[in-house]
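Shown next: coords_13.txt, containing compact mmCIF, C-alpha atoms.
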# COMPACT_ATOMS: atom_id res chain seq x y z
CA MET A 190 40.36 6.87 -52.54
CA GLU A 191 42.22 3.70 -51.45
CA ASN A 192 40.56 2.09 -48.46
CA SER A 193 43.68 0.73 -46.74
CA LYS A 194 43.54 0.40 -42.97
CA SER A 195 46.10 3.20 -42.55
CA GLU A 196 44.09 5.60 -44.71
CA ARG A 197 40.82 4.69 -42.99
CA ILE A 198 42.44 5.53 -39.65
CA LYS A 199 43.77 8.81 -41.02
CA ALA A 200 40.40 9.67 -42.52
CA LEU A 201 38.63 9.05 -39.22
CA ALA A 202 41.31 10.77 -37.10
CA PHE A 203 41.67 13.99 -39.07
CA THR A 204 37.99 14.37 -39.93
CA SER A 205 37.34 13.89 -36.21
CA LEU A 206 39.78 16.72 -35.47
CA GLY A 207 37.87 18.77 -38.02
CA HIS A 208 34.54 17.93 -36.40
CA PHE A 209 35.86 18.79 -32.95
CA SER A 210 37.23 22.13 -34.16
CA ASN A 211 34.14 23.02 -36.18
CA ASP A 212 31.61 22.17 -33.46
CA PHE A 213 33.74 23.91 -30.84
CA THR A 214 32.25 27.08 -32.33
CA THR A 215 28.61 25.84 -32.28
CA LEU A 216 27.78 27.48 -28.94
CA LEU A 217 30.26 30.33 -29.38
CA PHE A 218 27.79 33.07 -30.26
CA SER A 219 25.24 31.69 -27.80
CA VAL A 220 27.79 32.21 -25.01
CA LEU A 221 29.00 35.57 -26.34
CA ILE A 222 25.39 36.82 -26.37
CA ILE A 223 25.68 37.06 -22.57
CA TYR A 224 28.59 39.53 -22.82
CA TYR A 225 27.33 41.53 -25.79
CA SER A 226 24.01 41.96 -24.00
CA ARG A 227 25.35 42.66 -20.51
CA ASP A 228 28.48 44.70 -21.29
CA PHE A 229 27.28 46.68 -24.30
CA GLY A 230 23.50 46.69 -23.87
CA ILE A 231 22.79 45.09 -27.24
CA GLY A 232 19.22 43.74 -27.24
CA LEU A 233 18.47 40.02 -27.46
CA ALA A 234 16.34 40.53 -30.57
CA VAL A 235 19.25 42.27 -32.34
CA LEU A 236 21.69 39.56 -31.31
CA GLY A 237 19.19 36.97 -32.48
CA ALA A 238 19.03 38.67 -35.87
CA ILE A 239 22.83 38.46 -36.09
CA ALA A 240 22.67 34.75 -35.23
CA ILE A 241 20.13 34.32 -38.02
CA ALA A 242 22.51 35.95 -40.48
CA TYR A 243 25.47 33.64 -39.87
CA ASN A 244 23.28 30.53 -39.90
CA ILE A 245 21.70 31.52 -43.21
CA ILE A 246 25.14 32.18 -44.68
CA SER A 247 26.34 28.79 -43.47
CA GLY A 248 23.21 26.96 -44.60
CA PHE A 249 23.04 28.28 -48.14
CA LEU A 250 26.80 27.94 -48.66
CA SER A 251 26.89 24.24 -47.62
CA THR A 252 25.22 22.99 -50.80
CA PRO A 253 27.58 24.84 -53.21
CA VAL A 254 30.53 23.62 -51.12
CA GLY A 255 29.23 20.05 -51.40
CA ARG A 256 28.58 20.42 -55.12
CA PHE A 257 32.07 21.82 -55.70
CA ALA A 258 33.61 18.98 -53.67
CA ASP A 259 31.69 16.33 -55.65
CA ARG A 260 32.88 17.83 -58.92
CA THR A 261 36.52 18.44 -57.97
CA GLY A 262 37.36 16.10 -55.09
CA MET A 263 39.10 18.91 -53.18
CA HIS A 264 37.75 17.72 -49.85
CA ARG A 265 40.84 18.27 -47.71
CA TRP A 266 41.50 21.75 -49.15
CA LEU A 267 37.94 22.78 -48.41
CA MET A 268 37.80 21.21 -44.95
CA ALA A 269 41.09 22.77 -43.83
CA GLY A 270 40.05 26.10 -45.32
CA GLY A 271 36.80 26.08 -43.35
CA ILE A 272 38.61 25.55 -40.05
CA LEU A 273 41.12 28.31 -40.88
CA ILE A 274 38.23 30.70 -41.57
CA LEU A 275 36.76 29.83 -38.16
CA GLY A 276 40.13 30.70 -36.60
CA LEU A 277 40.04 34.12 -38.25
CA SER A 278 36.46 34.58 -37.02
CA LEU A 279 37.53 33.93 -33.43
CA VAL A 280 40.30 36.50 -33.75
CA LEU A 281 37.80 39.09 -35.02
CA PHE A 282 35.40 38.31 -32.16
CA ALA A 283 38.32 39.01 -29.81
CA VAL A 284 39.03 42.33 -31.53
CA SER A 285 35.35 43.33 -31.31
CA PHE A 286 35.53 43.49 -27.51
CA VAL A 287 38.33 46.08 -27.64
CA SER A 288 37.24 48.00 -30.74
CA GLY A 289 35.18 50.68 -29.00
CA GLN A 290 32.90 52.50 -31.44
CA TYR A 291 33.69 49.90 -34.12
CA LEU A 292 32.22 47.07 -32.02
CA ILE A 293 29.25 46.39 -34.32
CA PRO A 294 31.16 46.39 -37.67
CA VAL A 295 33.91 44.14 -36.28
CA MET A 296 31.39 41.80 -34.67
CA LEU A 297 29.44 41.58 -37.94
CA ALA A 298 32.65 40.75 -39.82
CA ALA A 299 33.37 38.01 -37.28
CA VAL A 300 29.83 36.67 -37.65
CA PHE A 301 30.17 36.71 -41.45
CA LEU A 302 33.33 34.58 -41.25
CA LEU A 303 31.72 32.31 -38.66
CA GLY A 304 28.88 31.60 -41.07
CA ILE A 305 31.26 30.90 -43.95
CA GLY A 306 33.57 28.71 -41.86
CA GLU A 307 30.78 26.55 -40.46
CA ALA A 308 29.49 25.75 -43.98
CA PHE A 309 32.35 23.41 -44.81
CA TYR A 310 32.81 20.57 -42.36
CA HIS A 311 29.60 18.53 -42.29
CA PRO A 312 29.09 17.76 -46.00
CA LEU A 313 32.83 17.18 -46.46
CA GLY A 314 33.44 15.05 -43.37
CA ALA A 315 30.43 12.84 -44.08
CA SER A 316 31.53 12.33 -47.68
CA ILE A 317 35.13 11.44 -46.81
CA LEU A 318 33.96 8.85 -44.28
CA ASN A 319 31.35 7.50 -46.68
CA LYS A 320 34.15 6.73 -49.13
CA ALA A 321 36.57 5.45 -46.50
CA TYR A 322 33.96 3.18 -44.90
CA PRO A 323 31.70 1.92 -47.72
CA LYS A 324 30.03 -0.49 -45.27
CA GLY A 325 28.77 0.88 -41.98
CA SER A 326 29.48 4.54 -42.67
CA ALA A 327 26.87 5.64 -40.10
CA SER A 328 28.86 3.92 -37.34
CA ALA A 329 32.01 5.74 -38.45
CA LEU A 330 30.00 8.96 -38.58
CA GLY A 331 28.84 8.26 -35.02
CA ILE A 332 32.40 7.91 -33.73
CA ASN A 333 33.41 11.00 -35.67
CA GLY A 334 30.35 12.87 -34.45
CA SER A 335 31.24 12.16 -30.84
CA PHE A 336 34.34 14.33 -31.30
CA GLY A 337 32.09 17.13 -32.52
CA SER A 338 30.04 16.65 -29.36
CA VAL A 339 33.19 16.91 -27.26
CA GLY A 340 33.91 20.24 -28.96
CA ARG A 341 30.41 21.53 -28.24
CA ALA A 342 30.56 20.35 -24.63
CA LEU A 343 33.98 21.88 -23.94
CA LEU A 344 33.34 25.35 -25.37
CA PRO A 345 31.30 26.76 -22.43
CA ILE A 346 33.47 25.18 -19.73
CA VAL A 347 36.65 26.39 -21.49
CA LEU A 348 35.60 29.81 -22.75
CA ILE A 349 33.72 31.18 -19.71
CA PRO A 350 36.45 30.40 -17.11
CA LEU A 351 39.11 31.55 -19.60
CA ILE A 352 37.27 34.87 -19.99
CA LEU A 353 37.16 35.23 -16.20
CA LEU A 354 40.89 34.43 -16.02
CA VAL A 355 42.43 36.47 -18.88
CA GLY A 356 39.57 38.54 -20.29
CA LYS A 357 37.45 38.23 -23.41
CA PHE A 358 40.09 39.46 -25.85
CA TYR A 359 42.88 37.04 -24.87
CA ALA A 360 40.49 34.11 -24.32
CA LEU A 361 39.18 34.37 -27.88
CA ILE A 362 42.66 34.95 -29.32
CA ILE A 363 43.85 31.70 -27.70
CA LEU A 364 40.94 29.78 -29.24
CA GLY A 365 41.56 31.46 -32.59
CA ILE A 366 45.20 30.35 -32.62
CA TYR A 367 44.10 26.79 -31.82
CA ALA A 368 41.71 26.75 -34.80
CA LEU A 369 44.40 28.02 -37.17
CA VAL A 370 46.81 25.28 -36.04
CA ALA A 371 44.07 22.64 -36.31
CA GLY A 372 43.26 23.71 -39.86
CA MET A 373 46.87 23.25 -40.93
CA ALA A 374 47.08 19.86 -39.21
CA ILE A 375 43.97 18.68 -41.07
CA PHE A 376 45.37 19.82 -44.41
CA PHE A 377 48.57 17.82 -44.00
CA GLY A 378 46.91 14.89 -42.21
CA LEU A 379 44.51 14.29 -45.11
CA GLY A 380 47.31 14.57 -47.65
CA PHE A 381 46.59 11.05 -48.95
CA LEU A 382 43.40 12.43 -50.56
CA LYS A 383 45.43 14.49 -53.08
CA ASN A 384 45.44 11.69 -55.70
CA GLY A 385 41.66 11.73 -55.77
CA GLU A 386 41.69 15.48 -56.26
CA THR A 387 43.98 15.23 -59.28
CA HIS A 388 41.98 12.36 -60.78
CA VAL A 389 38.55 13.98 -60.79
CA ALA A 390 39.26 17.70 -61.16
CA GLY A 391 37.85 19.41 -64.24
CA LYS A 392 35.92 16.50 -65.77
CA ALA A 393 32.89 17.90 -67.59
CA LYS A 394 31.23 14.51 -68.01
CA LYS A 395 31.39 13.88 -64.27
CA ALA A 396 29.72 17.24 -63.63
CA ALA A 397 26.92 16.44 -66.11
CA ASP A 398 26.34 12.98 -64.64
CA ASN A 399 26.33 14.47 -61.17
CA LYS A 400 23.63 16.97 -62.13
CA SER A 401 21.45 14.32 -63.80
CA MET A 402 21.67 12.02 -60.79
CA LEU A 403 20.87 14.85 -58.40
CA ILE A 404 17.70 15.67 -60.37
CA ARG A 405 16.61 12.03 -60.14
CA TYR A 406 16.99 11.94 -56.36
CA ARG A 407 15.59 15.42 -55.74
CA PRO A 408 12.06 14.34 -54.60
CA ILE A 409 13.53 12.10 -51.90
CA LEU A 410 15.91 14.81 -50.72
CA ILE A 411 13.13 17.42 -50.58
CA ALA A 412 11.13 15.18 -48.20
CA VAL A 413 14.14 14.71 -45.94
CA VAL A 414 15.08 18.41 -46.04
CA ALA A 415 11.51 19.40 -45.06
CA LEU A 416 11.56 17.19 -41.95
CA VAL A 417 15.03 18.33 -40.95
CA PHE A 418 14.09 21.99 -41.57
CA VAL A 419 11.17 22.00 -39.11
CA ARG A 420 13.09 19.91 -36.58
CA ALA A 421 16.01 22.34 -36.77
CA MET A 422 13.75 25.35 -36.22
CA PHE A 423 12.95 23.92 -32.82
CA LEU A 424 16.45 22.68 -31.97
CA LEU A 425 18.69 25.57 -33.07
CA GLY A 426 16.17 28.25 -32.12
CA THR A 427 16.11 27.11 -28.50
CA THR A 428 19.85 26.32 -28.38
CA THR A 429 20.82 29.84 -29.46
CA TYR A 430 19.10 31.39 -26.44
CA ILE A 431 19.72 28.56 -23.98
CA SER A 432 22.57 30.37 -22.18
CA GLU A 433 20.39 33.39 -21.49
CA TYR A 434 17.46 31.17 -20.47
CA LEU A 435 19.58 29.15 -18.04
CA LEU A 436 21.11 32.35 -16.64
CA SER A 437 17.58 33.58 -15.84
CA ARG A 438 16.94 30.32 -14.00
CA THR A 439 20.24 29.94 -12.13
CA GLY A 440 21.60 33.50 -11.82
CA SER A 441 25.16 32.20 -12.31
CA GLU A 442 27.39 32.27 -15.40
CA ILE A 443 29.51 29.45 -13.99
CA MET A 444 26.41 27.33 -13.38
CA VAL A 445 25.30 27.97 -16.96
CA GLY A 446 28.67 26.70 -18.14
CA TYR A 447 28.43 23.54 -16.05
CA ILE A 448 24.87 22.75 -17.10
CA LEU A 449 25.68 23.20 -20.79
CA THR A 450 28.86 21.15 -20.55
CA ILE A 451 27.20 18.29 -18.65
CA SER A 452 24.30 18.32 -21.11
CA PHE A 453 26.41 18.34 -24.25
CA ILE A 454 28.69 15.60 -22.90
CA THR A 455 25.76 13.20 -23.34
CA ALA A 456 25.91 13.73 -27.11
CA ILE A 457 29.41 12.24 -27.05
CA ILE A 458 27.75 8.93 -26.19
CA GLY A 459 24.63 9.55 -28.25
CA GLN A 460 26.44 10.04 -31.56
CA PRO A 461 28.04 6.56 -31.81
CA VAL A 462 24.99 4.89 -30.25
CA PHE A 463 22.55 6.35 -32.77
CA GLY A 464 25.05 5.97 -35.60
CA LYS A 465 25.15 2.22 -34.91
CA LEU A 466 21.35 2.10 -34.67
CA THR A 467 21.14 3.85 -38.04
CA ASP A 468 23.30 1.13 -39.60
CA ILE A 469 21.19 -1.62 -38.01
CA TYR A 470 17.62 -0.31 -38.29
CA GLY A 471 17.90 2.33 -41.01
CA GLY A 472 17.83 6.09 -40.85
CA LYS A 473 14.07 6.58 -40.92
CA ALA A 474 13.48 4.57 -37.73
CA THR A 475 16.29 6.35 -35.90
CA ILE A 476 15.13 9.78 -37.05
CA GLY A 477 11.62 8.93 -35.82
CA VAL A 478 12.76 7.85 -32.36
CA THR A 479 15.08 10.82 -31.79
CA THR A 480 12.53 13.34 -33.09
CA ILE A 481 9.65 12.11 -30.91
CA LEU A 482 11.67 11.68 -27.72
CA SER A 483 13.53 14.98 -28.06
CA ALA A 484 10.22 16.86 -28.07
CA LEU A 485 9.08 14.92 -24.99
CA PHE A 486 12.21 15.61 -22.96
CA PHE A 487 12.29 19.28 -23.89
CA LEU A 488 8.74 19.48 -22.51
CA LEU A 489 9.96 17.94 -19.24
CA PHE A 490 12.93 20.35 -19.22
CA MET A 491 10.62 23.35 -19.46
CA LEU A 492 8.38 21.97 -16.72
CA SER A 493 11.42 21.74 -14.40
CA GLY A 494 11.40 25.49 -13.70
CA SER A 495 14.39 26.52 -11.56
CA ASN A 496 15.16 23.07 -10.15
CA ILE A 497 18.80 22.80 -11.21
CA LEU A 498 18.99 19.02 -10.88
CA LEU A 499 15.89 18.41 -12.99
CA VAL A 500 16.86 21.10 -15.50
CA THR A 501 20.29 19.51 -15.96
CA PHE A 502 18.90 15.96 -16.16
CA PHE A 503 16.13 16.59 -18.69
CA TYR A 504 18.21 18.94 -20.84
CA SER A 505 20.99 16.35 -20.88
CA ILE A 506 18.60 13.67 -22.18
CA PHE A 507 17.25 16.16 -24.73
CA ILE A 508 20.77 16.82 -26.03
CA PHE A 509 21.55 13.07 -26.01
CA LEU A 510 18.63 12.53 -28.38
CA SER A 511 18.76 15.73 -30.44
CA PHE A 512 22.43 16.26 -31.23
CA THR A 513 22.70 13.06 -33.24
CA GLY A 514 22.13 14.69 -36.61
CA PHE A 515 25.56 13.97 -38.07
CA PRO A 516 25.45 10.14 -37.91
CA VAL A 517 21.66 9.84 -38.14
CA LEU A 518 20.77 12.38 -40.83
CA LEU A 519 23.91 12.13 -42.94
CA GLY A 520 24.24 8.39 -42.31
CA TYR A 521 20.69 8.10 -43.61
CA VAL A 522 21.58 10.17 -46.68
CA ASN A 523 24.46 7.76 -47.36
CA GLN A 524 21.89 4.94 -47.35
CA ILE A 525 19.55 6.49 -49.92
CA VAL A 526 21.76 8.31 -52.46
CA PRO A 527 24.80 7.25 -54.54
CA LYS A 528 28.30 8.30 -53.51
CA GLU A 529 28.62 10.45 -56.63
CA ILE A 530 26.18 13.02 -55.23
CA ALA A 531 26.66 12.31 -51.53
CA THR A 532 28.50 15.52 -50.66
CA THR A 533 25.91 17.62 -52.50
CA ALA A 534 23.10 15.75 -50.72
CA HIS A 535 24.86 16.23 -47.38
CA GLY A 536 25.06 19.95 -48.10
CA MET A 537 21.34 20.11 -48.90
CA VAL A 538 20.20 18.19 -45.83
CA TRP A 539 22.65 19.76 -43.40
CA GLY A 540 22.92 23.22 -44.93
CA ILE A 541 19.41 24.01 -46.10
CA GLY A 542 17.55 21.64 -43.78
CA ASN A 543 19.49 21.81 -40.55
CA THR A 544 21.24 25.18 -40.72
CA VAL A 545 18.81 27.38 -42.63
CA GLY A 546 15.92 25.73 -40.78
CA GLY A 547 17.68 26.58 -37.54
CA ALA A 548 18.15 30.17 -38.70
CA ILE A 549 14.43 30.49 -39.37
CA GLY A 550 13.82 29.10 -35.89
CA ILE A 551 16.05 31.82 -34.46
CA ALA A 552 14.14 34.36 -36.55
CA VAL A 553 10.84 33.23 -35.06
CA MET A 554 12.28 33.46 -31.54
CA SER A 555 13.77 36.89 -32.22
CA LEU A 556 10.48 38.17 -33.61
CA LEU A 557 8.59 36.98 -30.54
CA LEU A 558 11.16 38.63 -28.27
CA PHE A 559 10.95 41.84 -30.30
CA LEU A 560 7.18 41.80 -29.86
CA GLY A 561 7.64 41.65 -26.10
CA VAL A 562 7.02 37.96 -25.48
CA SER A 563 9.09 36.71 -22.55
CA LEU A 564 12.03 34.40 -23.22
CA THR A 565 10.32 31.60 -21.28
CA ASP A 566 7.08 31.88 -23.28
CA THR A 567 9.11 32.01 -26.49
CA MET A 568 10.86 28.75 -25.58
CA TRP A 569 7.43 27.19 -25.03
CA ALA A 570 6.29 28.42 -28.44
CA MET A 571 9.29 26.80 -30.14
CA LEU A 572 8.31 23.41 -28.76
CA SER A 573 5.39 23.45 -31.22
CA PHE A 574 7.86 23.08 -34.11
CA GLY A 575 9.42 20.06 -32.43
CA ILE A 576 5.96 18.50 -32.23
CA ALA A 577 5.16 19.48 -35.84
CA SER A 578 8.29 17.70 -37.11
CA ILE A 579 6.92 14.42 -35.74
CA PHE A 580 4.07 14.54 -38.26
CA LEU A 581 6.54 14.74 -41.18
CA ILE A 582 8.25 11.43 -40.34
CA PRO A 583 5.88 9.27 -42.49
CA PHE A 584 6.84 11.25 -45.59
CA VAL A 585 10.54 10.31 -45.65
CA PRO A 586 11.49 7.06 -47.43
CA LYS A 587 12.81 3.95 -45.72
CA LYS A 588 16.40 2.76 -46.06
CA GLN A 589 15.65 0.49 -49.02
Turn the structure described in the file into structure tokens.
Amino acid sequence: MENSKSERIKALAFTSLGHFSNDFTTLLFSVLIIYYSRDFGIGLAVLGAIAIAYNIISGFLSTPVGRFADRTGMHRWLMAGGILILGLSLVLFAVSFVSGQYLIPVMLAAVFLLGIGEAFYHPLGASILNKAYPKGSASALGINGSFGSVGRALLPIVLIPLILLVGKFYALIILGIYALVAGMAIFFGLGFLKNGETHVAGKAKKAADNKSMLIRYRPILIAVVALVFVRAMFLLGTTTYISEYLLSRTGSEIMVGYILTISFITAIIGQPVFGKLTDIYGGKATIGVTTILSALFFLLFMLSGSNILLVTFFYSIFIFLSFTGFPVLLGYVNQIVPKEIATTAHGMVWGIGNTVGGAIGIAVMSLLLFLGVSLTDTMWAMLSFGIASIFLIPFVPKKQ
């Protein structure tokens, strides 16, 4: 890929649109849990099991997507396709609320597409920016990641009022149409990547070299994946049920939306800040700081009880520190593996480590809820995984 200024700008702009659109769905099911539980009486443990399913689908699919992209160079086709799939998922979620006796099958189909769609962006976006910005890719990832944080922050404050205004069906249809348009815009906006696709597609030698290199770097990647896996159990497990937890503390859907939006806005700042720190100090140091402090501030969040100001403040700092994975984790991967296997490595760390680890975290929470443990006590239990991840930091290699 030519690294002209124009193409670097296009790469950053359209991958940022992709990150915004992809992460706009991050809290989607967490918010919809409120309505599936309240309106249809579906238990939290069942909804948690469904959340596990789409995260496992996404996590295990990320590595094959990354491997395919490394071998073929079809990054823009895959990225645009992922966003289009998310658009179809949103449409199916809309249909589920008006499907009567077919609610569960339609919802499961929507969840299936949600899991597939979310598998694409992170390994692809990180790889495109790694090639476009050979020096300081973590800083570019930080800027890009801030757009993903904007998407996460806006979803609750957009979706909940929109549901109150036009109903669940039309609110989700509107968001689905947006995702479909965004996917097409990304496809055409990254059109300059097509030469790379033609150049590398179908080369058997490249595939063999890729496999050999991946085997050589596997021990390093296993150490990183293990840390990210345990960290994600804590982070995604608690995030999935955070809407329901906050609702139990505030008693207001609107207040839940405001707290989540304010909290996730902080990640907009955190992504570029920690991306820059990753470039300066290396990924291991930045991972260590964010992992330790995120556990501390979640502890303070839980100790805040029903004090809305303290809950909002401490959860905001927690999100500021925790939702930095894109520039920190994938920026770190860019520092320790060659570009030839970068997308595959991104898929392993993000897909298996972050996404599958998060799914297992949700599974643990769902099991505890199924056994009759209160949601509050379950959130406390998940903090232990955040603490455990701290002890894995010494096992990951330094930047050099």
Subject >> Contact residues around stretch 445-457 of chain A with only C-alpha atoms at 10 Å, ignoring same-chain residues under 4 positions, as number ranges by chain >> reply: A: 216, 220, 331-350, 431-441, 461-463, 497-498, 500-513
**OP:** Record the distance separating atom CA of A:Leu403 and atom CA of A:Gly520, expressed in Å with one decimal.
**Re:** 17.7 Å
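From atom CA of A:Ala327 back to atom CA of A:Ile481, the distance works out to 20.6 Å.
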**OP:** May I ask which of the residues A:Pro527, A:Gly426, A:Gly472, A:Gly255 is the closest one to A:Met554, counting all atoms listed in the file?
**Re:** A:Gly426
Tell me, counting all atoms listed in the file, for each residue of stretch 456-499 of chain A within 12 Å of stretch 567-578 of chain A, which pair of atoms is nearest and how far apart they are in Å to one decimal, in rows ordered by chain and increasing number, as a tab-separated table.
residue	atom	partner	partner_atom	distance
A:Ile476	CA	A:Ser578	CA	10.5
A:Gly477	CA	A:Ser578	CA	9.5
A:Val478	CA	A:Ser578	CA	11.8
A:Thr479	CA	A:Gly575	CA	10.9
A:Thr480	CA	A:Ser578	CA	7.3
A:Ile481	CA	A:Ile576	CA	7.5
A:Leu482	CA	A:Gly575	CA	9.9
A:Ser483	CA	A:Gly575	CA	7.9
A:Ala484	CA	A:Gly575	CA	5.5
A:Leu485	CA	A:Ile576	CA	8.7
A:Phe486	CA	A:Leu572	CA	10.5
A:Phe487	CA	A:Leu572	CA	7.5
A:Leu488	CA	A:Leu572	CA	7.4
A:Leu489	CA	A:Leu572	CA	11.1
A:Phe490	CA	A:Trp569	CA	10.5
A:Met491	CA	A:Trp569	CA	7.5
A:Leu492	CA	A:Trp569	CA	9.9
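Minimum atom-to-atom distances from A:Ile272, A:Ile549, A:Leu558, A:Ala238 to A:Val370 were compared using all atoms listed in the file, and the lowest value belongs to A:Ile272.
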Original post:
Contacts of stretch 529-538 of chain A at 10 Å or less, counting all atoms listed in the file, minus same-chain residues fewer than 4 places along, as a PyMOL selection string?
Top reply: chain A and resi 248-260+262+264+308-317+319-320+395-396+398-403+406-407+410-418+515+518-525+542-545
Which residues of stretch 239-276 of chain A come within 9 Å of stretch 374-379 of chain A, and what is each one's closest atom pair and distance in Å (one decimal), counting all atoms listed in the file, sorted by chain and residue number, as JSON lines?
{"residue": "A:His264", "atom": "CA", "partner": "A:Leu379", "partner_atom": "CA", "distance": 8.9}
{"residue": "A:Arg265", "atom": "CA", "partner": "A:Phe376", "partner_atom": "CA", "distance": 5.8}
{"residue": "A:Trp266", "atom": "CA", "partner": "A:Phe376", "partner_atom": "CA", "distance": 6.4}
{"residue": "A:Leu267", "atom": "CA", "partner": "A:Phe376", "partner_atom": "CA", "distance": 8.9}
{"residue": "A:Met268", "atom": "CA", "partner": "A:Ile375", "partner_atom": "CA", "distance": 7.7}
{"residue": "A:Ala269", "atom": "CA", "partner": "A:Phe376", "partner_atom": "CA", "distance": 5.2}
{"residue": "A:Gly270", "atom": "CA", "partner": "A:Phe376", "partner_atom": "CA", "distance": 8.3}
{"residue": "A:Ile272", "atom": "CA", "partner": "A:Ile375", "partner_atom": "CA", "distance": 8.8}
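Note that atom CA of A:Gly561 and atom CA of A:Phe229 are 20.4 Å apart.
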